[in-house]
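Below: one structure, written as structure tokens.
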Amino acid sequence: MTGTGTTGPIRPARPARHTRPAVVVVGSGPTGLLLAGDLATAGVPVTLLEKRPEKISNLSRAFALHARSLEQLDARGLADELEEAGQRLERLRLFSRLTLDLSTLPSRFNHLLVIPQYEVETSLRRRAEEAGVDFRFETEVTGLEQDADGVTVRLRTAAGEGELRAAYVVGADGMRSVVREAVGLPFPGHSVIRSVVLADVRLAERPETLLTVNTAGDVFAFIAPFGDGYYRVIGWDRRRDVPDHEPLELAEVEEITRLALGRDFGMHDPRWMSRFHSDERQAPHYRVGRVFLAGDAAHVHTPAGGQGMNTGLQDAANLSWKLAQVLAGRAGDELLDTYEAERHPVGKAVLRSSGGIVRLAMAKRPWTLALRAGLTTLLGAAAPARRRALGQITGVGYRYAAPKGAHRLTGTRVPDLALAGGGRLYEALRGGRFVLVAPGSYDPGAGRGDRLTAVRWAGDRRTTLLVRPDGYVAWAAEGATPAVTEAALAAHVG
């Protein structure tokens, strides 16, 4: 319970399949699923297009949920079930002697949750279906055109060619995004590591740690459990640069693992093996008119630090409520510009941090080895530097730009505050609404009941916070009068 009378998200009735969507989301990975579920929960008709058949793939590469993503999932009532399905890790080893203690994070989720991406997709898809998202699988987007009133999406299905019209389109369709290409956006960058091997195998020997990772000279290896008896093995040998289509044998995976980790743990019975290359790329813009990019369609980077899926989830959480506000007529088009303004710098920072981890992990030259040793010493000895690194990797340290003269908390992430009556802030956020956290009782009025939840601090506080649906401060004030609070609500909530 939240103490506000709200026990969970409002579930609108499932729209008829022929209903024209207000938003078309392309891609049913975690980013697209969270975004579509948010929009449908807010009452926005949304269609999700996916070219794959109707199933959840178990061949995903992501294996970790960081604290900020777990907070976002908590605000949607999903974190607890995922916590039960995954395994907690309180220390994250990046390279060599550098290990970060996650237990010090200022979050209810002061750990890394090791969980396969398909488990996250399963929960998000169920939520989206319950909210009324119109799923259309085996539907390929072949192009789109936009005008002042909307976007026409061209489709190809088994039944032939077709079109779908919507007010907005979001491309969450991965690195090779058709949506990004259709709006003419480049994807500048380069391949960082090539011929990375992946294998899902059984192990005769169980690793001592939940996540096993190490580098040795020119080789790197990583092992993580699926939880069903299989393990994902990721390996790279800098000296072996072959095309992605080159056949992969288990012997090669075993050799890389032995070189990096000292033994191959008796791996056997592979159910899937593949090669891939890891790029660092970012689109120059996340918005072109009525079309938006999110997740891997907007940015890709190395898997170091496990930030990929997490960054996409947070893109979706940022964009969904803004689209809902504009479509409901409560905000102007300029609100949608803040999506790129807020998320593009975060994507750029993730590229830098994940790329830096890889380069330092594989350091060979004396100056890079010295830099790695120095960074390890600094993070071990300097608490501010360690907090900054933790905040960046886990996502809890990012803040968005605030207008000049705004309260110092504006744009910051809000932790899971304790509320009067025993509730928590992230429970209050589960309705997809703004949340006003005030020192005393506040009546939002009947006209705002569907978009604002008013709660009280637990304890004696003078600060009034208006928390956005994505858990960031939209406005704050000390000792705010009812008139000042009302003006802020009119400006932000409508």
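Chain labels run A, B, ... following the order of the structure tokens; each chain numbers its residues from 1, and ligands are numbered from 1 in the order shown.
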Backbone DSSP call of helix (DSSP H, G or I) for range 251-432 of chain A, listed as a PyMOL selection string: chain A and resi 251-261+295-297+304-306+308-327+334-361+366-381+383-394+425-431
Any idea what's packed within 10 Å of His245 in chain A, counting only C-alpha atoms, ignoring anything in its chain fewer than 5 positions away? Could you give it as a list in words?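 Residues near the query, excluding close chain neighbours: Ser195, Ser274, Arg275 and Phe276 of chain A.
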Would you save the residues of that selection, restricted to N, CA, C and O atoms, as a PDB file, in the first residue's frame?
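Saved result, out_37.pdb, follows:
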ATOM      1  N   SER A 195      35.043 -10.266 -33.462  1.00  0.00           N
ATOM      2  CA  SER A 195      35.097 -11.712 -33.280  1.00  0.00           C
ATOM      3  C   SER A 195      34.991 -12.119 -31.808  1.00  0.00           C
ATOM      4  O   SER A 195      35.758 -12.937 -31.301  1.00  0.00           O
ATOM      5  N   SER A 274      27.873 -18.506 -31.216  1.00  0.00           N
ATOM      6  CA  SER A 274      27.852 -17.481 -32.252  1.00  0.00           C
ATOM      7  C   SER A 274      29.042 -16.546 -32.058  1.00  0.00           C
ATOM      8  O   SER A 274      29.718 -16.571 -31.029  1.00  0.00           O
ATOM      9  N   ARG A 275      29.282 -15.722 -33.066  1.00  0.00           N
ATOM     10  CA  ARG A 275      30.258 -14.636 -32.981  1.00  0.00           C
ATOM     11  C   ARG A 275      29.529 -13.307 -33.160  1.00  0.00           C
ATOM     12  O   ARG A 275      28.481 -13.240 -33.805  1.00  0.00           O
ATOM     13  N   PHE A 276      30.084 -12.260 -32.604  1.00  0.00           N
ATOM     14  CA  PHE A 276      29.557 -10.933 -32.884  1.00  0.00           C
ATOM     15  C   PHE A 276      30.686  -9.929 -32.696  1.00  0.00           C
ATOM     16  O   PHE A 276      31.772 -10.251 -32.200  1.00  0.00           O
TER      17      PHE A 276
END
Distance criterion (only C-alpha atoms): nearest to Thr122 in chain A out of A:Glu81, A:Glu246, A:Asp200, A:Asp416: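 Closest to Thr122 in chain A of all the choices is A:Glu81.
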How close does range 78-113 of chain A get to range 71-74 of chain A? List, as JSON lines, each residue of range 78-113 of chain A within 8 Å, its nearest atom pair and the distance in Å to one decimal, counting only C-alpha atoms.
{"residue": "A:Leu78", "atom": "CA", "partner": "A:Leu73", "partner_atom": "CA", "distance": 5.2}
{"residue": "A:Ala79", "atom": "CA", "partner": "A:Asp74", "partner_atom": "CA", "distance": 4.5}
{"residue": "A:Asp80", "atom": "CA", "partner": "A:Asp74", "partner_atom": "CA", "distance": 7.1}
{"residue": "A:Arg108", "atom": "CA", "partner": "A:Glu71", "partner_atom": "CA", "distance": 7.9}
{"residue": "A:Phe109", "atom": "CA", "partner": "A:Glu71", "partner_atom": "CA", "distance": 7.3}
Saved selection, atoms kept: all heavy atoms, as an mmCIF file, in the first residue's frame:
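And here's result39.cif as it stands now:
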data_model
loop_
_atom_site.group_PDB
_atom_site.id
_atom_site.type_symbol
_atom_site.label_atom_id
_atom_site.label_comp_id
_atom_site.auth_asym_id
_atom_site.auth_seq_id
_atom_site.Cartn_x
_atom_site.Cartn_y
_atom_site.Cartn_z
ATOM 1 N N LEU A 78 7.218 -4.410 -10.933
ATOM 2 C CA LEU A 78 7.856 -5.605 -11.490
ATOM 3 C C LEU A 78 9.150 -6.003 -10.790
ATOM 4 O O LEU A 78 9.634 -7.120 -10.984
ATOM 5 C CB LEU A 78 8.159 -5.391 -12.982
ATOM 6 C CG LEU A 78 6.966 -5.095 -13.892
ATOM 7 C CD1 LEU A 78 7.444 -4.828 -15.316
ATOM 8 C CD2 LEU A 78 5.966 -6.231 -13.863
ATOM 9 N N ALA A 79 9.733 -5.108 -10.013
ATOM 10 C CA ALA A 79 11.071 -5.371 -9.477
ATOM 11 C C ALA A 79 11.106 -6.564 -8.537
ATOM 12 O O ALA A 79 12.029 -7.376 -8.589
ATOM 13 C CB ALA A 79 11.608 -4.129 -8.775
ATOM 14 N N ASP A 80 10.107 -6.695 -7.689
ATOM 15 C CA ASP A 80 10.147 -7.759 -6.683
ATOM 16 C C ASP A 80 10.131 -9.140 -7.331
ATOM 17 O O ASP A 80 10.860 -10.042 -6.915
ATOM 18 C CB ASP A 80 8.980 -7.606 -5.708
ATOM 19 C CG ASP A 80 9.163 -6.413 -4.777
ATOM 20 O OD1 ASP A 80 10.304 -5.914 -4.679
ATOM 21 O OD2 ASP A 80 8.172 -5.974 -4.162
ATOM 22 N N ARG A 108 17.357 1.350 -2.639
ATOM 23 C CA ARG A 108 16.777 0.119 -2.105
ATOM 24 C C ARG A 108 17.411 -1.090 -2.776
ATOM 25 O O ARG A 108 17.499 -2.171 -2.200
ATOM 26 C CB ARG A 108 15.264 0.141 -2.357
ATOM 27 C CG ARG A 108 14.518 -1.102 -1.910
ATOM 28 C CD ARG A 108 13.010 -0.914 -2.086
ATOM 29 N NE ARG A 108 12.292 -2.117 -1.690
ATOM 30 C CZ ARG A 108 11.520 -2.836 -2.485
ATOM 31 N NH1 ARG A 108 11.356 -2.479 -3.754
ATOM 32 N NH2 ARG A 108 10.897 -3.906 -2.051
ATOM 33 N N PHE A 109 17.891 -0.906 -4.001
ATOM 34 C CA PHE A 109 18.506 -1.984 -4.771
ATOM 35 C C PHE A 109 20.016 -1.779 -4.809
ATOM 36 O O PHE A 109 20.582 -1.416 -5.842
ATOM 37 C CB PHE A 109 17.905 -2.016 -6.179
ATOM 38 C CG PHE A 109 16.412 -2.150 -6.173
ATOM 39 C CD1 PHE A 109 15.606 -1.042 -6.352
ATOM 40 C CD2 PHE A 109 15.820 -3.378 -5.950
ATOM 41 C CE1 PHE A 109 14.226 -1.166 -6.333
ATOM 42 C CE2 PHE A 109 14.438 -3.516 -5.919
ATOM 43 C CZ PHE A 109 13.635 -2.400 -6.110
#
Tell me, as a VMD selection string, which residues lie within 6 Å of Asn214 in chain A, counting only C-alpha atoms; anything in the same chain fewer than 6 positions away does not count. chain A and resid 220 to 221 260
List the spatial neighbours of Leu198 in chain A as a count of residues only - criterion: any atom at most 6 Å away, only C-alpha atoms, same-chain residues fewer than 3 positions off excluded. 4
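Of the residues listed (A:Val170, A:Ala402, A:Ala158, A:Ala341), A:Val170 shows the shortest atom-to-atom separation from Phe292 in chain A; distances use only C-alpha atoms.
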Considering only C-alpha atoms, return as JSON, numbers by chain whatever protein or nucleic-acid residues lie within 12 Å of Pro21 in chain A, sequence-local ones (same chain, fewer than 6 positions apart) excluded. {"A": [15, 36, 39, 40, 43, 44, 45, 46, 47, 48, 49, 132, 133, 134, 135, 150, 151, 152, 153, 164, 165, 166, 167, 168, 169, 327]}
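Coordinates place CA of Phe63 in chain A at a distance of 12.3 Å from CA of Pro30 in chain A.
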For Val197 in chain A, please output as a compact mmCIF listing (two decimals) with all heavy atoms, in the first residue's frame all residues within 12 Å (counting only C-alpha atoms; exclusion window: fewer than 3 positions along the same chain).
# COMPACT_ATOMS: atom_id res chain seq x y z
N ARG A 61 21.92 -11.13 -25.03
CA ARG A 61 23.26 -10.95 -24.49
C ARG A 61 23.27 -10.30 -23.12
O ARG A 61 24.23 -10.41 -22.39
CB ARG A 61 24.09 -10.11 -25.47
CG ARG A 61 24.27 -10.77 -26.83
CD ARG A 61 24.90 -9.82 -27.82
NE ARG A 61 24.90 -10.40 -29.16
CZ ARG A 61 25.12 -9.72 -30.26
NH1 ARG A 61 25.35 -8.43 -30.19
NH2 ARG A 61 25.11 -10.31 -31.44
N ILE A 193 35.65 -4.07 -30.51
CA ILE A 193 36.21 -5.42 -30.44
C ILE A 193 35.48 -6.29 -31.46
O ILE A 193 34.27 -6.19 -31.63
CB ILE A 193 36.11 -6.04 -29.03
CG1 ILE A 193 34.69 -5.93 -28.47
CG2 ILE A 193 37.08 -5.37 -28.09
CD1 ILE A 193 34.52 -6.55 -27.10
N ARG A 194 36.23 -7.12 -32.16
CA ARG A 194 35.69 -7.97 -33.21
C ARG A 194 35.86 -9.44 -32.85
O ARG A 194 36.72 -9.80 -32.06
CB ARG A 194 36.38 -7.67 -34.55
CG ARG A 194 36.19 -6.24 -35.04
CD ARG A 194 36.96 -6.01 -36.32
NE ARG A 194 36.54 -6.95 -37.35
CZ ARG A 194 35.49 -6.75 -38.15
NH1 ARG A 194 34.76 -5.66 -38.03
NH2 ARG A 194 35.18 -7.63 -39.08
N ASP A 200 26.27 -20.80 -25.09
CA ASP A 200 25.45 -21.25 -23.97
C ASP A 200 25.77 -22.71 -23.73
O ASP A 200 25.51 -23.56 -24.61
CB ASP A 200 23.97 -21.08 -24.27
CG ASP A 200 23.56 -19.62 -24.38
OD1 ASP A 200 24.36 -18.76 -24.02
OD2 ASP A 200 22.44 -19.36 -24.86
N VAL A 219 43.54 -11.94 -24.03
CA VAL A 219 42.26 -12.65 -23.99
C VAL A 219 41.41 -12.19 -22.81
O VAL A 219 41.91 -11.72 -21.79
CB VAL A 219 42.46 -14.18 -23.92
CG1 VAL A 219 43.07 -14.71 -25.19
CG2 VAL A 219 43.31 -14.56 -22.71
N PHE A 220 40.10 -12.34 -23.01
CA PHE A 220 39.11 -11.94 -22.02
C PHE A 220 38.03 -13.01 -21.99
O PHE A 220 37.68 -13.58 -23.04
CB PHE A 220 38.49 -10.60 -22.42
CG PHE A 220 37.17 -10.30 -21.77
CD1 PHE A 220 37.12 -9.65 -20.55
CD2 PHE A 220 35.97 -10.65 -22.39
CE1 PHE A 220 35.90 -9.37 -19.95
CE2 PHE A 220 34.75 -10.37 -21.80
CZ PHE A 220 34.71 -9.73 -20.57
N ALA A 221 37.49 -13.31 -20.82
CA ALA A 221 36.39 -14.25 -20.72
C ALA A 221 35.45 -13.84 -19.59
O ALA A 221 35.86 -13.27 -18.58
CB ALA A 221 36.88 -15.68 -20.49
N PHE A 222 34.17 -14.17 -19.80
CA PHE A 222 33.10 -13.83 -18.86
C PHE A 222 32.13 -15.00 -18.81
O PHE A 222 31.77 -15.56 -19.85
CB PHE A 222 32.39 -12.56 -19.35
CG PHE A 222 31.09 -12.24 -18.67
CD1 PHE A 222 31.07 -11.41 -17.57
CD2 PHE A 222 29.89 -12.75 -19.14
CE1 PHE A 222 29.86 -11.08 -16.95
CE2 PHE A 222 28.68 -12.46 -18.54
CZ PHE A 222 28.67 -11.61 -17.42
N ILE A 223 31.71 -15.39 -17.61
CA ILE A 223 30.75 -16.48 -17.45
C ILE A 223 29.65 -16.02 -16.51
O ILE A 223 29.92 -15.48 -15.43
CB ILE A 223 31.41 -17.76 -16.89
CG1 ILE A 223 32.52 -18.25 -17.82
CG2 ILE A 223 30.37 -18.85 -16.68
CD1 ILE A 223 33.25 -19.47 -17.28
N ARG A 232 26.08 -18.64 -19.83
CA ARG A 232 26.52 -17.87 -20.98
C ARG A 232 28.02 -17.59 -20.83
O ARG A 232 28.48 -17.07 -19.81
CB ARG A 232 25.75 -16.55 -21.07
CG ARG A 232 26.30 -15.50 -22.04
CD ARG A 232 26.36 -15.96 -23.48
NE ARG A 232 25.10 -16.45 -23.96
CZ ARG A 232 24.11 -15.68 -24.43
NH1 ARG A 232 24.26 -14.38 -24.45
NH2 ARG A 232 23.01 -16.23 -24.88
N VAL A 233 28.77 -17.96 -21.85
CA VAL A 233 30.21 -17.69 -21.90
C VAL A 233 30.47 -16.68 -23.00
O VAL A 233 30.01 -16.86 -24.14
CB VAL A 233 31.02 -18.98 -22.16
CG1 VAL A 233 32.51 -18.65 -22.20
CG2 VAL A 233 30.72 -20.02 -21.09
N ILE A 234 31.16 -15.61 -22.66
CA ILE A 234 31.57 -14.60 -23.64
C ILE A 234 33.08 -14.54 -23.61
O ILE A 234 33.69 -14.45 -22.53
CB ILE A 234 30.98 -13.22 -23.32
CG1 ILE A 234 29.45 -13.29 -23.25
CG2 ILE A 234 31.41 -12.19 -24.36
CD1 ILE A 234 28.80 -11.97 -22.83
N GLY A 235 33.72 -14.63 -24.75
CA GLY A 235 35.18 -14.59 -24.80
C GLY A 235 35.70 -13.80 -25.98
O GLY A 235 35.01 -13.63 -26.99
N TRP A 236 36.91 -13.34 -25.83
CA TRP A 236 37.54 -12.57 -26.90
C TRP A 236 39.04 -12.78 -26.87
O TRP A 236 39.67 -12.71 -25.80
CB TRP A 236 37.21 -11.08 -26.75
CG TRP A 236 37.81 -10.20 -27.80
CD1 TRP A 236 37.81 -10.39 -29.15
CD2 TRP A 236 38.50 -8.96 -27.59
NE1 TRP A 236 38.44 -9.35 -29.80
CE2 TRP A 236 38.87 -8.45 -28.87
CE3 TRP A 236 38.83 -8.22 -26.46
CZ2 TRP A 236 39.57 -7.26 -29.02
CZ3 TRP A 236 39.50 -7.02 -26.62
CH2 TRP A 236 39.87 -6.54 -27.89
N ASP A 237 39.59 -13.06 -28.03
CA ASP A 237 41.04 -13.16 -28.20
C ASP A 237 41.45 -12.10 -29.21
O ASP A 237 41.10 -12.17 -30.38
CB ASP A 237 41.42 -14.56 -28.70
CG ASP A 237 42.93 -14.78 -28.76
OD1 ASP A 237 43.68 -13.78 -28.81
OD2 ASP A 237 43.36 -15.94 -28.76
N ARG A 238 42.16 -11.10 -28.73
CA ARG A 238 42.54 -9.97 -29.58
C ARG A 238 43.31 -10.42 -30.82
O ARG A 238 43.25 -9.79 -31.87
CB ARG A 238 43.40 -9.00 -28.75
CG ARG A 238 43.61 -7.63 -29.41
CD ARG A 238 44.87 -6.95 -28.89
NE ARG A 238 44.92 -6.88 -27.45
CZ ARG A 238 44.60 -5.79 -26.74
NH1 ARG A 238 44.19 -4.70 -27.34
NH2 ARG A 238 44.72 -5.81 -25.42
N ARG A 240 42.80 -13.05 -32.63
CA ARG A 240 41.99 -13.77 -33.62
C ARG A 240 40.88 -12.87 -34.12
O ARG A 240 39.87 -12.66 -33.44
CB ARG A 240 41.43 -15.04 -33.01
CG ARG A 240 40.62 -15.87 -33.99
CD ARG A 240 40.34 -17.26 -33.46
NE ARG A 240 39.39 -18.01 -34.27
CZ ARG A 240 39.66 -18.57 -35.44
NH1 ARG A 240 40.89 -18.45 -35.96
NH2 ARG A 240 38.74 -19.24 -36.12
N ASP A 241 41.07 -12.30 -35.29
CA ASP A 241 40.10 -11.37 -35.86
C ASP A 241 39.51 -12.01 -37.12
O ASP A 241 40.11 -11.99 -38.19
CB ASP A 241 40.79 -10.04 -36.19
CG ASP A 241 39.79 -8.99 -36.65
OD1 ASP A 241 38.59 -9.28 -36.72
OD2 ASP A 241 40.24 -7.86 -36.94
N VAL A 242 38.34 -12.61 -36.98
CA VAL A 242 37.70 -13.28 -38.11
C VAL A 242 36.29 -12.73 -38.26
O VAL A 242 35.72 -12.16 -37.32
CB VAL A 242 37.65 -14.81 -37.91
CG1 VAL A 242 39.06 -15.37 -37.80
CG2 VAL A 242 36.84 -15.17 -36.67
N PRO A 243 35.67 -12.88 -39.43
CA PRO A 243 34.31 -12.37 -39.65
C PRO A 243 33.29 -13.05 -38.73
O PRO A 243 33.49 -14.18 -38.26
CB PRO A 243 34.04 -12.70 -41.12
CG PRO A 243 35.38 -12.90 -41.73
CD PRO A 243 36.25 -13.45 -40.65
N ASP A 244 32.17 -12.36 -38.50
CA ASP A 244 31.13 -12.90 -37.64
C ASP A 244 30.56 -14.21 -38.16
O ASP A 244 30.07 -15.04 -37.38
CB ASP A 244 29.98 -11.88 -37.49
CG ASP A 244 30.39 -10.66 -36.68
OD1 ASP A 244 31.51 -10.66 -36.14
OD2 ASP A 244 29.60 -9.71 -36.60
N HIS A 245 30.60 -14.41 -39.49
CA HIS A 245 30.01 -15.62 -40.06
C HIS A 245 30.96 -16.82 -40.03
O HIS A 245 30.60 -17.92 -40.43
CB HIS A 245 29.56 -15.36 -41.50
CG HIS A 245 30.67 -14.90 -42.42
ND1 HIS A 245 31.62 -15.75 -42.94
CD2 HIS A 245 30.96 -13.66 -42.90
CE1 HIS A 245 32.46 -15.07 -43.69
NE2 HIS A 245 32.08 -13.79 -43.70
N GLU A 246 32.19 -16.63 -39.55
CA GLU A 246 33.15 -17.73 -39.46
C GLU A 246 32.61 -18.79 -38.49
O GLU A 246 32.18 -18.47 -37.37
CB GLU A 246 34.49 -17.22 -38.96
CG GLU A 246 35.60 -18.25 -38.91
CD GLU A 246 36.22 -18.50 -40.28
OE1 GLU A 246 35.94 -17.74 -41.22
OE2 GLU A 246 37.00 -19.46 -40.37
N PRO A 247 32.61 -20.06 -38.86
CA PRO A 247 32.10 -21.11 -37.96
C PRO A 247 32.82 -21.09 -36.61
O PRO A 247 34.02 -20.81 -36.53
CB PRO A 247 32.38 -22.41 -38.73
CG PRO A 247 32.45 -21.99 -40.17
CD PRO A 247 33.04 -20.61 -40.16
N LEU A 248 32.06 -21.39 -35.56
CA LEU A 248 32.60 -21.41 -34.20
C LEU A 248 32.45 -22.80 -33.61
O LEU A 248 31.36 -23.38 -33.61
CB LEU A 248 31.86 -20.39 -33.33
CG LEU A 248 32.26 -20.35 -31.85
CD1 LEU A 248 33.73 -19.96 -31.68
CD2 LEU A 248 31.35 -19.39 -31.08
N GLU A 249 33.56 -23.34 -33.12
CA GLU A 249 33.56 -24.64 -32.47
C GLU A 249 33.75 -24.46 -30.96
O GLU A 249 34.37 -23.49 -30.51
CB GLU A 249 34.68 -25.52 -33.02
CG GLU A 249 34.59 -25.78 -34.52
CD GLU A 249 33.39 -26.62 -34.91
OE1 GLU A 249 32.89 -27.37 -34.03
OE2 GLU A 249 32.94 -26.52 -36.06
N LEU A 250 33.24 -25.40 -30.19
CA LEU A 250 33.37 -25.33 -28.73
C LEU A 250 34.82 -25.29 -28.30
O LEU A 250 35.16 -24.65 -27.30
CB LEU A 250 32.65 -26.51 -28.08
CG LEU A 250 32.64 -26.52 -26.55
CD1 LEU A 250 31.94 -25.30 -26.00
CD2 LEU A 250 31.97 -27.80 -26.04
N ALA A 251 35.70 -25.93 -29.05
CA ALA A 251 37.12 -25.95 -28.69
C ALA A 251 37.71 -24.55 -28.62
O ALA A 251 38.57 -24.27 -27.77
CB ALA A 251 37.89 -26.80 -29.70
N GLU A 252 37.26 -23.66 -29.48
CA GLU A 252 37.77 -22.30 -29.46
C GLU A 252 37.30 -21.56 -28.21
O GLU A 252 38.07 -20.83 -27.58
CB GLU A 252 37.31 -21.53 -30.71
CG GLU A 252 37.86 -20.11 -30.78
CD GLU A 252 37.44 -19.40 -32.06
OE1 GLU A 252 37.02 -20.07 -33.03
OE2 GLU A 252 37.52 -18.15 -32.08
N VAL A 253 36.05 -21.77 -27.82
CA VAL A 253 35.52 -21.15 -26.60
C VAL A 253 36.28 -21.68 -25.38
O VAL A 253 36.63 -20.93 -24.46
CB VAL A 253 34.01 -21.42 -26.47
CG1 VAL A 253 33.45 -20.71 -25.24
CG2 VAL A 253 33.27 -20.99 -27.73
N GLU A 254 36.52 -22.97 -25.37
CA GLU A 254 37.25 -23.58 -24.26
C GLU A 254 38.66 -23.01 -24.14
O GLU A 254 39.13 -22.70 -23.03
CB GLU A 254 37.34 -25.10 -24.46
CG GLU A 254 36.01 -25.83 -24.33
CD GLU A 254 36.12 -27.29 -24.73
OE1 GLU A 254 36.91 -27.61 -25.65
OE2 GLU A 254 35.41 -28.12 -24.13
N GLU A 255 39.34 -22.85 -25.27
CA GLU A 255 40.71 -22.34 -25.24
C GLU A 255 40.76 -20.91 -24.71
O GLU A 255 41.61 -20.59 -23.86
CB GLU A 255 41.31 -22.40 -26.64
CG GLU A 255 42.74 -21.87 -26.68
CD GLU A 255 43.30 -21.83 -28.10
OE1 GLU A 255 42.52 -22.01 -29.05
OE2 GLU A 255 44.51 -21.59 -28.24
N ILE A 256 39.87 -20.04 -25.19
CA ILE A 256 39.85 -18.66 -24.71
C ILE A 256 39.57 -18.62 -23.22
O ILE A 256 40.21 -17.87 -22.47
CB ILE A 256 38.80 -17.84 -25.50
CG1 ILE A 256 39.22 -17.69 -26.95
CG2 ILE A 256 38.58 -16.48 -24.86
CD1 ILE A 256 38.18 -17.03 -27.83
N THR A 257 38.63 -19.44 -22.78
CA THR A 257 38.28 -19.47 -21.36
C THR A 257 39.46 -19.93 -20.51
O THR A 257 39.74 -19.37 -19.45
CB THR A 257 37.06 -20.38 -21.12
OG1 THR A 257 35.98 -19.97 -21.97
CG2 THR A 257 36.61 -20.33 -19.68
N TRP A 272 23.87 -23.31 -28.12
CA TRP A 272 23.93 -22.19 -29.06
C TRP A 272 25.32 -21.59 -29.00
O TRP A 272 25.90 -21.43 -27.93
CB TRP A 272 22.88 -21.13 -28.70
CG TRP A 272 22.89 -19.92 -29.60
CD1 TRP A 272 22.50 -19.85 -30.89
CD2 TRP A 272 23.32 -18.60 -29.24
NE1 TRP A 272 22.65 -18.57 -31.37
CE2 TRP A 272 23.15 -17.78 -30.37
CE3 TRP A 272 23.83 -18.04 -28.06
CZ2 TRP A 272 23.47 -16.43 -30.38
CZ3 TRP A 272 24.15 -16.68 -28.07
CH2 TRP A 272 23.97 -15.91 -29.21
N MET A 273 25.89 -21.27 -30.17
CA MET A 273 27.18 -20.60 -30.24
C MET A 273 27.15 -19.60 -31.39
O MET A 273 26.49 -19.83 -32.42
CB MET A 273 28.32 -21.62 -30.47
CG MET A 273 28.53 -22.59 -29.31
SD MET A 273 30.05 -23.57 -29.50
CE MET A 273 29.65 -24.50 -30.99
N SER A 274 27.87 -18.51 -31.22
CA SER A 274 27.85 -17.48 -32.25
C SER A 274 29.04 -16.55 -32.06
O SER A 274 29.72 -16.57 -31.03
CB SER A 274 26.55 -16.69 -32.18
OG SER A 274 26.50 -15.70 -33.18
N ARG A 275 29.28 -15.72 -33.07
CA ARG A 275 30.26 -14.64 -32.98
C ARG A 275 29.53 -13.31 -33.16
O ARG A 275 28.48 -13.24 -33.80
CB ARG A 275 31.30 -14.74 -34.09
CG ARG A 275 32.16 -15.98 -34.09
CD ARG A 275 33.22 -15.88 -35.19
NE ARG A 275 33.86 -17.15 -35.40
CZ ARG A 275 34.93 -17.57 -34.70
NH1 ARG A 275 35.45 -16.77 -33.78
NH2 ARG A 275 35.45 -18.75 -34.94
N PHE A 276 30.08 -12.26 -32.60
CA PHE A 276 29.56 -10.93 -32.88
C PHE A 276 30.69 -9.93 -32.70
O PHE A 276 31.77 -10.25 -32.20
CB PHE A 276 28.36 -10.60 -31.99
CG PHE A 276 28.72 -10.18 -30.58
CD1 PHE A 276 28.75 -8.85 -30.21
CD2 PHE A 276 29.02 -11.14 -29.61
CE1 PHE A 276 29.07 -8.46 -28.92
CE2 PHE A 276 29.34 -10.77 -28.32
CZ PHE A 276 29.37 -9.42 -27.97
N HIS A 277 30.44 -8.71 -33.13
CA HIS A 277 31.40 -7.63 -32.88
C HIS A 277 30.71 -6.54 -32.09
O HIS A 277 29.49 -6.37 -32.16
CB HIS A 277 31.95 -7.07 -34.20
CG HIS A 277 30.93 -6.46 -35.10
ND1 HIS A 277 30.15 -7.22 -35.94
CD2 HIS A 277 30.54 -5.18 -35.28
CE1 HIS A 277 29.33 -6.45 -36.61
NE2 HIS A 277 29.53 -5.20 -36.24
N SER A 278 31.46 -5.83 -31.29
CA SER A 278 30.91 -4.82 -30.40
C SER A 278 31.31 -3.43 -30.91
O SER A 278 32.49 -3.13 -31.08
CB SER A 278 31.44 -5.03 -28.98
OG SER A 278 30.87 -4.09 -28.09
With distances taken over only C-alpha atoms, which of A:Val437, A:Asp460, A:Tyr339, A:Arg352 is nearest to Ala401 in chain A?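 Looking only at the distances to Ala401 in chain A, the closest residue turns out to be A:Tyr339.
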